[in-house]
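As provided, structure.tsv (TSV, C-alpha atoms and all ligand atoms) reads as follows.
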```tsv
chain	number	residue	atom	x	y	z
I	1	MET	CA	-28.66	33.27	11.37
I	2	ALA	CA	-26.38	32.54	8.43
I	3	GLN	CA	-23.29	30.54	9.30
I	4	GLN	CA	-20.25	31.68	7.36
I	5	ASP	CA	-18.62	28.28	7.75
I	6	ALA	CA	-21.59	26.31	6.40
I	7	ALA	CA	-21.23	24.59	3.03
I	8	ILE	CA	-25.00	24.28	2.82
I	9	GLU	CA	-27.56	25.88	5.05
I	10	ILE	CA	-31.20	24.86	4.78
I	11	ARG	CA	-33.85	26.68	6.80
I	12	ASN	CA	-37.47	25.60	7.20
I	13	LEU	CA	-37.52	24.13	3.71
I	14	VAL	CA	-40.97	23.11	2.51
I	15	LYS	CA	-41.90	21.42	-0.74
I	16	ARG	CA	-45.47	20.67	-1.70
I	17	TYR	CA	-45.88	18.96	-5.05
I	18	ALA	CA	-48.95	20.16	-6.93
I	19	PRO	CA	-51.87	17.79	-6.60
I	20	PRO	CA	-52.80	15.52	-9.47
I	21	LYS	CA	-56.31	16.28	-10.81
I	22	GLY	CA	-58.80	15.68	-8.03
I	23	GLY	CA	-56.04	14.59	-5.63
I	24	GLU	CA	-54.25	16.17	-2.70
I	25	ALA	CA	-50.97	18.09	-2.73
I	26	LYS	CA	-48.04	15.94	-1.60
I	27	VAL	CA	-45.95	17.42	1.21
I	28	ALA	CA	-42.49	16.06	0.39
I	29	LEU	CA	-40.54	18.41	2.71
I	30	ASP	CA	-42.20	19.58	5.87
I	31	GLY	CA	-39.80	22.18	7.27
I	32	ILE	CA	-36.24	20.85	6.86
I	33	ASP	CA	-33.45	22.56	8.83
I	34	LEU	CA	-29.90	21.42	8.15
I	35	THR	CA	-26.46	22.93	8.44
I	36	ILE	CA	-23.77	21.05	6.55
I	37	PRO	CA	-20.33	22.23	7.69
I	38	ARG	CA	-17.60	23.04	5.21
I	39	GLY	CA	-15.07	20.24	4.94
I	40	SER	CA	-17.42	17.50	6.13
I	41	ILE	CA	-18.54	14.26	4.55
I	42	PHE	CA	-22.20	14.46	5.36
I	43	GLY	CA	-24.70	11.62	5.01
I	44	LEU	CA	-28.38	12.28	4.37
I	45	LEU	CA	-30.18	9.08	5.25
I	46	GLY	CA	-33.79	8.12	5.02
I	47	PRO	CA	-36.11	5.42	3.73
I	48	ASN	CA	-37.81	5.53	0.32
I	49	GLY	CA	-39.89	8.64	-0.10
I	50	ALA	CA	-38.30	10.43	2.88
I	51	GLY	CA	-37.53	13.52	0.80
I	52	LYS	CA	-33.82	13.04	0.04
I	53	SER	CA	-34.06	13.48	-3.73
I	54	THR	CA	-36.44	16.41	-3.38
I	55	THR	CA	-33.89	18.14	-1.13
I	56	ILE	CA	-31.03	17.42	-3.56
I	57	ASN	CA	-33.09	18.52	-6.55
I	58	ILE	CA	-33.83	21.85	-4.86
I	59	LEU	CA	-30.09	22.29	-4.25
I	60	ALA	CA	-29.47	21.46	-7.90
I	61	GLY	CA	-32.06	23.98	-9.08
I	62	LEU	CA	-34.13	21.22	-10.68
I	63	VAL	CA	-37.11	21.53	-8.33
I	64	ASN	CA	-38.59	24.80	-7.04
I	65	LYS	CA	-39.10	24.98	-3.30
I	66	THR	CA	-42.47	26.02	-1.90
I	67	SER	CA	-40.91	28.06	0.92
I	68	GLY	CA	-37.88	28.29	3.15
I	69	GLY	CA	-34.29	29.33	2.56
I	70	VAL	CA	-31.24	27.61	1.08
I	71	ARG	CA	-27.68	28.91	0.92
I	72	ILE	CA	-24.90	27.08	-0.87
I	73	TRP	CA	-21.39	28.19	0.09
I	74	GLY	CA	-22.99	31.35	1.45
I	75	PHE	CA	-24.99	32.10	-1.74
I	76	ASP	CA	-28.75	32.28	-1.46
I	77	ILE	CA	-30.33	30.16	-4.20
I	78	ASP	CA	-33.02	32.80	-4.85
I	79	ARG	CA	-30.90	35.93	-4.68
I	80	ASN	CA	-27.71	34.58	-6.16
I	81	PRO	CA	-28.65	31.49	-8.17
I	82	ARG	CA	-25.63	31.58	-10.51
I	83	ASN	CA	-23.07	31.59	-7.73
I	84	ALA	CA	-25.08	29.06	-5.75
I	85	ARG	CA	-25.21	26.75	-8.79
I	86	ALA	CA	-21.50	27.22	-9.49
I	87	SER	CA	-20.69	26.14	-5.92
I	88	ILE	CA	-22.19	22.69	-6.18
I	89	GLY	CA	-21.78	19.59	-8.32
I	90	ILE	CA	-24.51	16.99	-8.30
I	91	VAL	CA	-24.14	13.32	-9.17
I	92	PRO	CA	-27.72	12.29	-9.95
I	93	GLN	CA	-29.37	9.06	-8.96
I	94	GLU	CA	-30.43	8.14	-12.49
I	95	LEU	CA	-27.82	7.07	-15.01
I	96	VAL	CA	-29.07	9.35	-17.78
I	97	PHE	CA	-26.77	9.70	-20.77
I	98	ASP	CA	-26.81	10.65	-24.39
I	99	ALA	CA	-25.81	7.27	-25.80
I	100	PHE	CA	-23.88	8.78	-28.73
I	101	PHE	CA	-21.54	11.01	-26.76
I	102	THR	CA	-18.18	9.74	-25.66
I	103	PRO	CA	-16.99	10.43	-22.09
I	104	ALA	CA	-14.52	13.07	-23.37
I	105	GLU	CA	-17.24	14.82	-25.37
I	106	MET	CA	-19.60	14.73	-22.42
I	107	MET	CA	-17.03	16.37	-20.18
I	108	GLU	CA	-16.42	19.11	-22.73
I	109	VAL	CA	-20.14	19.77	-23.21
I	110	GLN	CA	-20.65	19.97	-19.44
I	111	ALA	CA	-17.68	22.32	-19.04
I	112	GLY	CA	-19.18	24.49	-21.79
I	113	LEU	CA	-22.53	24.59	-19.95
I	114	TYR	CA	-20.75	25.90	-16.87
I	115	GLY	CA	-18.75	28.41	-18.89
I	116	VAL	CA	-15.38	26.89	-18.01
I	117	PRO	CA	-12.81	28.41	-20.43
I	118	LYS	CA	-11.00	25.88	-22.62
I	119	ALA	CA	-7.67	26.62	-20.94
I	120	ASP	CA	-9.11	25.73	-17.53
I	121	ARG	CA	-10.78	22.47	-18.53
I	122	ARG	CA	-9.65	19.35	-16.71
I	123	THR	CA	-11.13	16.57	-18.82
I	124	GLU	CA	-7.98	14.47	-18.81
I	125	GLU	CA	-7.28	14.91	-15.09
I	126	LEU	CA	-10.87	14.08	-14.12
I	127	LEU	CA	-11.26	11.10	-16.44
I	128	LYS	CA	-7.94	9.72	-15.20
I	129	ALA	CA	-9.04	10.23	-11.61
I	130	VAL	CA	-12.15	8.07	-12.17
I	131	ARG	CA	-10.12	5.60	-14.24
I	132	LEU	CA	-11.98	6.25	-17.46
I	133	TRP	CA	-9.24	7.89	-19.52
I	134	ASP	CA	-8.80	4.75	-21.61
I	135	LYS	CA	-12.54	4.87	-22.36
I	136	ARG	CA	-12.55	8.53	-23.33
I	137	ASP	CA	-13.51	7.83	-26.95
I	138	ALA	CA	-15.98	4.99	-26.32
I	139	TYR	CA	-19.71	5.55	-26.77
I	140	SER	CA	-21.27	5.96	-23.36
I	141	ARG	CA	-23.82	3.23	-24.13
I	142	THR	CA	-20.95	0.72	-24.11
I	143	LEU	CA	-19.90	1.64	-20.53
I	144	SER	CA	-20.84	-0.57	-17.58
I	145	GLY	CA	-23.10	0.76	-14.82
I	146	GLY	CA	-20.12	1.40	-12.54
I	147	MET	CA	-18.23	3.26	-15.29
I	148	LYS	CA	-21.29	5.42	-15.96
I	149	ARG	CA	-21.54	6.27	-12.28
I	150	ARG	CA	-17.86	7.27	-12.20
I	151	LEU	CA	-18.34	9.33	-15.35
I	152	LEU	CA	-21.18	11.19	-13.62
I	153	VAL	CA	-18.85	11.98	-10.70
I	154	ALA	CA	-16.23	13.37	-13.09
I	155	LYS	CA	-18.92	15.35	-14.91
I	156	ALA	CA	-20.16	16.88	-11.66
I	157	MET	CA	-16.63	18.14	-10.94
I	158	VAL	CA	-15.94	19.95	-14.25
I	159	HIS	CA	-16.44	23.40	-12.72
I	160	ASN	CA	-14.42	22.46	-9.62
I	161	PRO	CA	-17.23	23.13	-7.14
I	162	PRO	CA	-16.44	23.25	-3.40
I	163	VAL	CA	-19.43	20.96	-2.67
I	164	LEU	CA	-20.13	17.61	-4.32
I	165	VAL	CA	-23.47	15.88	-3.75
I	166	LEU	CA	-23.92	12.22	-4.58
I	167	ASP	CA	-27.52	11.02	-4.71
I	168	GLU	CA	-27.66	7.27	-3.94
I	169	PRO	CA	-24.23	6.80	-5.54
I	170	THR	CA	-23.87	3.07	-5.16
I	171	ALA	CA	-27.20	1.87	-6.52
I	172	GLY	CA	-26.27	-0.91	-8.91
I	173	VAL	CA	-22.52	-0.61	-8.27
I	174	ASP	CA	-20.65	-3.76	-7.24
I	175	ILE	CA	-18.41	-3.90	-4.17
I	176	GLU	CA	-15.10	-3.41	-5.98
I	177	LEU	CA	-16.31	-0.41	-7.95
I	178	ARG	CA	-17.97	0.98	-4.85
I	179	GLN	CA	-14.59	0.93	-3.11
I	180	GLN	CA	-12.98	2.70	-6.08
I	181	LEU	CA	-15.72	5.30	-6.04
I	182	TRP	CA	-15.27	5.85	-2.31
I	183	ASP	CA	-11.51	6.08	-2.71
I	184	TYR	CA	-12.01	8.87	-5.21
I	185	VAL	CA	-14.60	10.59	-3.01
I	186	ARG	CA	-12.15	10.41	-0.09
I	187	GLU	CA	-9.41	11.84	-2.31
I	188	LEU	CA	-11.65	14.77	-3.30
I	189	HIS	CA	-12.49	15.30	0.35
I	190	ALA	CA	-8.82	15.25	1.30
I	191	ARG	CA	-8.24	17.95	-1.32
I	192	GLY	CA	-10.90	20.12	0.33
I	193	THR	CA	-14.23	19.26	-1.31
I	194	THR	CA	-17.23	19.05	1.02
I	195	ILE	CA	-19.14	15.85	0.27
I	196	VAL	CA	-22.85	15.19	0.77
I	197	LEU	CA	-24.27	11.80	-0.01
I	198	THR	CA	-27.74	10.37	0.25
I	199	THR	CA	-28.31	6.72	0.90
I	200	HIS	CA	-30.75	4.17	2.26
I	201	TYR	CA	-27.93	2.33	3.95
I	202	LEU	CA	-26.44	3.15	7.31
I	203	GLU	CA	-23.37	0.99	6.62
I	204	GLU	CA	-22.54	3.13	3.61
I	205	ALA	CA	-22.84	6.37	5.57
I	206	GLU	CA	-20.99	4.78	8.49
I	207	GLU	CA	-18.02	3.95	6.29
I	208	LEU	CA	-17.58	7.47	4.98
I	209	CYS	CA	-19.50	10.16	6.79
I	210	ASP	CA	-18.46	12.20	9.81
I	211	THR	CA	-22.02	13.50	10.34
I	212	ILE	CA	-25.34	11.87	9.56
I	213	ALA	CA	-28.81	13.34	9.30
I	214	ILE	CA	-31.81	11.03	9.19
I	215	ILE	CA	-34.94	12.32	7.51
I	216	ASN	CA	-38.36	10.76	7.24
I	217	HIS	CA	-41.67	12.10	5.96
I	218	GLY	CA	-39.92	15.30	4.96
I	219	ARG	CA	-38.58	16.09	8.43
I	220	VAL	CA	-35.17	15.87	10.05
I	221	LEU	CA	-35.29	13.26	12.81
I	222	CYS	CA	-31.72	13.70	13.91
I	223	CYS	CA	-28.47	15.25	12.77
I	224	GLU	CA	-25.42	14.26	14.74
I	225	PRO	CA	-21.86	12.97	14.53
I	226	THR	CA	-21.74	9.43	13.15
I	227	GLN	CA	-20.12	8.15	16.35
I	228	ASP	CA	-23.06	9.37	18.47
I	229	LEU	CA	-25.59	7.78	16.16
I	230	LEU	CA	-23.72	4.49	16.21
I	231	ALA	CA	-23.61	4.58	20.01
I	232	ARG	CA	-27.40	4.60	19.99
I	233	ILE	CA	-27.38	1.60	17.70
I	234	ASP	CA	-25.09	-0.23	20.12
I	235	GLU	CA	-27.94	-0.33	22.60
I	236	LYS	CA	-29.73	-3.60	23.19
I	237	THR	CA	-32.60	-4.93	25.22
I	238	LEU	CA	-32.28	-8.00	27.45
I	239	THR	CA	-35.47	-9.93	28.07
I	240	ILE	CA	-35.11	-12.01	31.23
I	241	ASP	CA	-37.54	-14.60	32.59
I	242	VAL	CA	-37.26	-15.43	36.29
I	243	ALA	CA	-38.82	-18.24	38.30
I	244	GLU	CA	-40.15	-15.94	41.03
I	245	THR	CA	-43.28	-13.82	40.70
I	246	LEU	CA	-42.53	-10.10	40.46
I	247	ASP	CA	-44.83	-7.18	41.11
I	248	THR	CA	-42.21	-4.50	40.49
I	249	VAL	CA	-38.71	-4.11	39.00
I	250	PRO	CA	-36.30	-5.50	41.65
I	251	ASP	CA	-34.21	-2.77	43.28
I	252	PRO	CA	-30.74	-3.93	42.10
I	253	VAL	CA	-31.92	-3.76	38.46
I	254	LYS	CA	-33.20	-0.21	38.84
I	255	ALA	CA	-29.64	0.96	38.11
I	256	TRP	CA	-30.54	0.25	34.45
I	257	SER	CA	-33.55	1.39	32.46
I	258	ALA	CA	-35.82	-1.60	33.13
I	259	SER	CA	-39.50	-2.47	32.98
I	260	LEU	CA	-41.73	-5.29	34.10
I	261	GLU	CA	-43.17	-7.03	31.05
I	262	GLY	CA	-45.12	-9.71	32.93
I	263	PRO	CA	-45.14	-11.41	36.36
I	264	HIS	CA	-41.99	-13.35	35.45
I	265	ARG	CA	-40.47	-11.14	32.77
I	266	LEU	CA	-38.16	-8.12	32.88
I	267	ALA	CA	-36.89	-6.01	29.98
I	268	VAL	CA	-33.56	-4.28	30.66
I	269	ARG	CA	-32.10	-1.75	28.20
I	270	LEU	CA	-28.31	-1.66	28.01
I	271	GLY	CA	-25.85	0.79	26.44
I	272	GLY	CA	-22.98	-0.52	24.37
I	273	GLY	CA	-20.66	-1.14	27.36
I	274	GLN	CA	-18.69	-4.37	27.79
I	275	GLY	CA	-19.84	-6.89	30.38
I	276	GLU	CA	-23.14	-5.20	31.18
I	277	THR	CA	-25.19	-8.37	30.67
I	278	GLY	CA	-23.04	-10.12	33.28
I	279	ARG	CA	-23.58	-7.29	35.75
I	280	VAL	CA	-27.37	-7.45	35.27
I	281	LEU	CA	-27.34	-11.22	35.86
I	282	ALA	CA	-25.14	-10.81	38.94
I	283	ALA	CA	-27.54	-8.18	40.31
I	284	LEU	CA	-30.49	-10.53	39.80
I	285	ALA	CA	-28.65	-13.40	41.50
I	286	ALA	CA	-27.73	-11.11	44.42
I	287	ALA	CA	-31.45	-10.25	44.75
I	288	GLY	CA	-32.15	-13.98	45.13
I	289	LEU	CA	-33.85	-14.35	41.73
I	290	THR	CA	-33.49	-17.43	39.53
I	291	VAL	CA	-32.98	-16.65	35.85
I	292	GLN	CA	-34.77	-19.19	33.65
I	293	ASP	CA	-34.36	-17.69	30.23
I	294	ILE	CA	-32.66	-14.73	28.62
I	295	SER	CA	-32.75	-13.25	25.13
I	296	THR	CA	-31.27	-10.14	23.56
I	297	ASP	CA	-32.63	-7.81	20.96
I	298	GLU	CA	-29.96	-5.65	19.34
I	299	THR	CA	-30.99	-2.15	18.36
I	300	ASP	CA	-30.67	-1.52	14.65
I	301	LEU	CA	-31.27	1.46	12.43
I	302	GLU	CA	-34.95	0.60	12.18
I	303	ASP	CA	-35.24	0.84	15.96
I	304	VAL	CA	-33.51	4.20	15.93
I	305	PHE	CA	-35.96	5.32	13.25
I	306	LEU	CA	-38.85	4.06	15.34
I	307	GLN	CA	-37.59	5.69	18.52
I	308	LEU	CA	-37.13	9.00	16.73
I	309	THR	CA	-40.45	8.82	14.90
I	310	ARG	CA	-42.34	7.97	18.07
I	311	ALA	CA	-40.80	10.94	19.83
I	312	GLU	CA	-42.31	13.30	17.29
I	313	PRO	CA	-46.04	13.81	16.63
I	314	ALA	CA	-47.20	13.02	13.09
I	315	ALA	CA	-47.52	15.93	10.64
I	316	GLY	CA	-50.69	17.87	11.32
I	317	ALA	CA	-51.34	16.06	14.60
I	318	VAL	CA	-53.61	18.00	16.93
I	319	PRO	CA	-51.95	18.43	20.35
I	320	THR	CA	-53.86	16.89	23.20
I	321	PRO	CA	-54.55	19.04	26.29
I	322	ALA	CA	-51.65	17.24	27.98
I	323	ASP	CA	-49.27	18.54	25.27
I	324	ALA	CA	-50.46	22.12	25.56
Z	401	LIG	N1	-42.80	15.09	-8.94
Z	401	LIG	C1	-43.48	14.66	-7.86
Z	401	LIG	N2	-44.82	14.84	-7.76
Z	401	LIG	C2	-45.50	14.42	-6.68
Z	401	LIG	N3	-44.92	13.80	-5.61
Z	401	LIG	C3	-43.60	13.60	-5.66
Z	401	LIG	C4	-42.80	14.00	-6.77
Z	401	LIG	N4	-41.51	13.66	-6.52
Z	401	LIG	C5	-41.50	13.07	-5.31
Z	401	LIG	N5	-42.75	13.03	-4.78
Z	401	LIG	C6	-43.14	12.49	-3.48
Z	401	LIG	O1	-42.45	13.22	-2.49
Z	401	LIG	C7	-42.01	12.34	-1.44
Z	401	LIG	C8	-40.50	12.44	-1.29
Z	401	LIG	O2	-39.89	11.86	-2.44
Z	401	LIG	P1	-38.31	11.84	-2.69
Z	401	LIG	O3	-38.09	11.27	-4.06
Z	401	LIG	O4	-37.76	13.17	-2.39
Z	401	LIG	O5	-37.84	10.82	-1.57
Z	401	LIG	P2	-36.46	10.02	-1.44
Z	401	LIG	O6	-36.12	10.08	0.00
Z	401	LIG	O7	-35.47	10.55	-2.40
Z	401	LIG	O8	-36.86	8.56	-1.82
Z	401	LIG	P3	-36.03	7.48	-2.73
Z	401	LIG	O9	-34.96	7.00	-1.84
Z	401	LIG	O10	-37.07	6.47	-3.03
Z	401	LIG	O11	-35.54	8.23	-3.93
Z	401	LIG	C9	-42.50	10.96	-1.81
Z	401	LIG	O12	-43.71	10.72	-1.15
Z	401	LIG	C10	-42.71	11.05	-3.30
Z	401	LIG	O13	-43.74	10.18	-3.71
```

Write the structure described by the file as structure tokens, please.
Amino acid sequence: MAQQDAAIEIRNLVKRYAPPKGGEAKVALDGIDLTIPRGSIFGLLGPNGAGKSTTINILAGLVNKTSGGVRIWGFDIDRNPRNARASIGIVPQELVFDAFFTPAEMMEVQAGLYGVPKADRRTEELLKAVRLWDKRDAYSRTLSGGMKRRLLVAKAMVHNPPVLVLDEPTAGVDIELRQQLWDYVRELHARGTTIVLTTHYLEEAEELCDTIAIINHGRVLCCEPTQDLLARIDEKTLTIDVAETLDTVPDPVKAWSASLEGPHRLAVRLGGGQGETGRVLAALAAAGLTVQDISTDETDLEDVFLQLTRAEPAAGAVPTPADA
């Protein structure tokens, strides 16, 4: 069902790249479902090869999907490609430029491509916003990596799209420029633009995004508010060695999710709450157990990936009778 308030709606999106001679087709997207709400700053996270760029390139009209449906600002990319295209601005991952164009020329050419009438062009406003107005007549080859990235953001906004997608925007951008870029992205968001960004880095998404989807092997592993995802990452595991021999998890520790890892070893999984370690130790002492050693293993994004990946059978896996 189409959601009127979705900025982008992706349903069962599949992309199979044609096989190289004698090889096998590559399934880059294996049935992606995503709803990106209007007004959000949405993070699309995933490791290398997860399918982020393929998804973005389908949105941009640069890659043809194999099957599935995509709507941008309510416009179906098959039935209404012009309106769909006009509703989105894409900041590509690669810094590809014509070295002999100046930033001002590039903005004008891009505006021309989108059919923006001369009177409606905003070259000055956009170049000022990304702090490149003083470089407007410089050859683009003389710009630094960070300046080029900012120029690409300005270029993606020439037609004033309601959705701006940034594909790995901070690759090769130093911390100061990254902050400037984020300030501008926040400003655009505050003025009503829906933002989608792809990244490898949770910290980056954490800083900006209100909702995060994690994809891997062309599938969505989770899509939830950033706060909920971070709560999962707050979890940790306590490994506790006791002097006594155990044949089961002691009763007082059963209040937590705990398992016996050996005759003297317990693993206890804790949420992010304050003082929980102390309560576990107090429970063990009350049960008459002597703690000899204790170590903690903080959950990080990799663990969340692993937990989510384990929960889902691999693509093409044959269900066992127990699954049926
Ligand atoms: N043109 C292509 N032909 C064949 N396979 C491709 C092509 N483009 C991408 N792939 C494969 O599709 C899968 C998804 O790639 P994609 O570039 O979408 O991932 P990504 O999440 O953007 O990764 P990265 O962060 O490295 O850019 C990968 O296995 C990749 O090798």

Ligand LIG 401 (chain Z) neighbours within 6 Å using all atoms listed in the file, as a PyMOL selection string: chain I and resi 17+26+28+46-54

Nearest to Thr296 in chain I among I:Arg71, I:Arg269, I:Lys148, I:His159, with distances taken over all atoms listed in the file: which residue is it?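 Going through I:Arg71, I:Arg269, I:Lys148, I:His159 one by one, the smallest distance to Thr296 in chain I is for I:Arg269.
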
Would you write out, as a Markdown table, a table of all residues in range 79-104 of chain I that have an atom no more than 7 Å from an atom of range 119-143 of chain I, listing for each the closest atom pair and the distance in Å to one decimal, considering all atoms listed in the file and ordering rows by chain and rising residue number?
```
| residue | atom | partner | partner_atom | distance |
| --- | --- | --- | --- | --- |
| I:Ala99 | CA | I:Arg141 | CA | 4.8 |
| I:Phe100 | CA | I:Tyr139 | CA | 5.6 |
| I:Phe101 | CA | I:Tyr139 | CA | 5.8 |
| I:Thr102 | CA | I:Tyr139 | CA | 4.6 |
| I:Pro103 | CA | I:Arg136 | CA | 5.0 |
| I:Ala104 | CA | I:Arg136 | CA | 4.9 |
```

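Shortest atom-to-atom contact with Val173 in chain I among I:Trp73, I:Arg186, I:Met147, I:Trp256: I:Met147, counting all atoms listed in the file.
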
Closest contacts (range 40-132 of chain I/range 199-212 of chain I, max 7 Å, all atoms listed in the file) as JSON lines:
```
{"residue": "I:Ser40", "atom": "CA", "partner": "I:Asp210", "partner_atom": "CA", "distance": 6.5}
{"residue": "I:Ile41", "atom": "CA", "partner": "I:Cys209", "partner_atom": "CA", "distance": 4.8}
{"residue": "I:Phe42", "atom": "CA", "partner": "I:Thr211", "partner_atom": "CA", "distance": 5.1}
{"residue": "I:Gly43", "atom": "CA", "partner": "I:Ile212", "partner_atom": "CA", "distance": 4.6}
{"residue": "I:Leu44", "atom": "CA", "partner": "I:Ile212", "partner_atom": "CA", "distance": 6.0}
{"residue": "I:Leu45", "atom": "CA", "partner": "I:Thr199", "partner_atom": "CA", "distance": 5.3}
{"residue": "I:Gly46", "atom": "CA", "partner": "I:His200", "partner_atom": "CA", "distance": 5.7}
{"residue": "I:Pro47", "atom": "CA", "partner": "I:His200", "partner_atom": "CA", "distance": 5.7}
```

With C-alpha atoms retained, write the just-selected residues as a tab-separated table (two decimals), keeping the file's coordinate frame.
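Everything below was put into part.tsv:
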```
chain	number	residue	atom	x	y	z
I	40	SER	CA	-17.42	17.50	6.13
I	41	ILE	CA	-18.54	14.26	4.55
I	42	PHE	CA	-22.20	14.46	5.36
I	43	GLY	CA	-24.70	11.62	5.01
I	44	LEU	CA	-28.38	12.28	4.37
I	45	LEU	CA	-30.18	9.08	5.25
I	46	GLY	CA	-33.79	8.12	5.02
I	47	PRO	CA	-36.11	5.42	3.73
```

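Proximity to Pro225 in chain I was assessed for I:Gly68, I:Pro37, I:Gln180, I:Phe97 counting only C-alpha atoms; the smallest distance is recorded for I:Pro37.
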
Which residues, written as a list in words, have at least one atom at most 12 Å from Glu9 in chain I, with all atoms listed in the file counted and residues fewer than 6 positions away on the same chain left out?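 Listed by chain and then number, they are Met1, Ala2, Gln3, Ile32, Asp33, Leu34, Thr35, Ile36, Pro37, Arg38, Thr55, Leu59, Gly68, Gly69, Val70, Arg71, Ile72, Trp73, Gly74, Phe75, Asp76, Ile77 and Ala84 of chain I.
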
Residue nearest Glu244 in chain I among I:Arg191, I:Arg79, I:Arg232, I:His264 (counting all atoms listed in the file):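 The shortest atom-to-atom distance to Glu244 in chain I comes from I:His264.
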
Have a look at CA of Ala18 in chain I and CA of Thr198 in chain I and let me know their distance in Å, one decimal.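 According to the coordinates, CA of Ala18 in chain I and CA of Thr198 in chain I are separated by 24.4 Å.
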
Looking at I:Ile195, I:Ile240, I:Leu29, I:Val153, which one is nearest to Asp297 in chain I, with distances taken over only C-alpha atoms? I:Ile240

Calculate how many Å separate CA of Pro117 in chain I from CA of Leu197 in chain I, rounding to one decimal.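 Answer for the CA of Pro117 in chain I to CA of Leu197 in chain I separation: 28.7 Å.
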
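Atom pair CA of Leu166 in chain I / CA of Ile90 in chain I has a distance of 6.1 Å (rounded to one decimal).
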
What's around Thr193 in chain I at 9 Å? Count only C-alpha atoms, leave out sequence neighbours fewer than 4 positions away in its own chain, and write the answer as a ChimeraX atom specification. /I:38-41,160-164,185,187-189
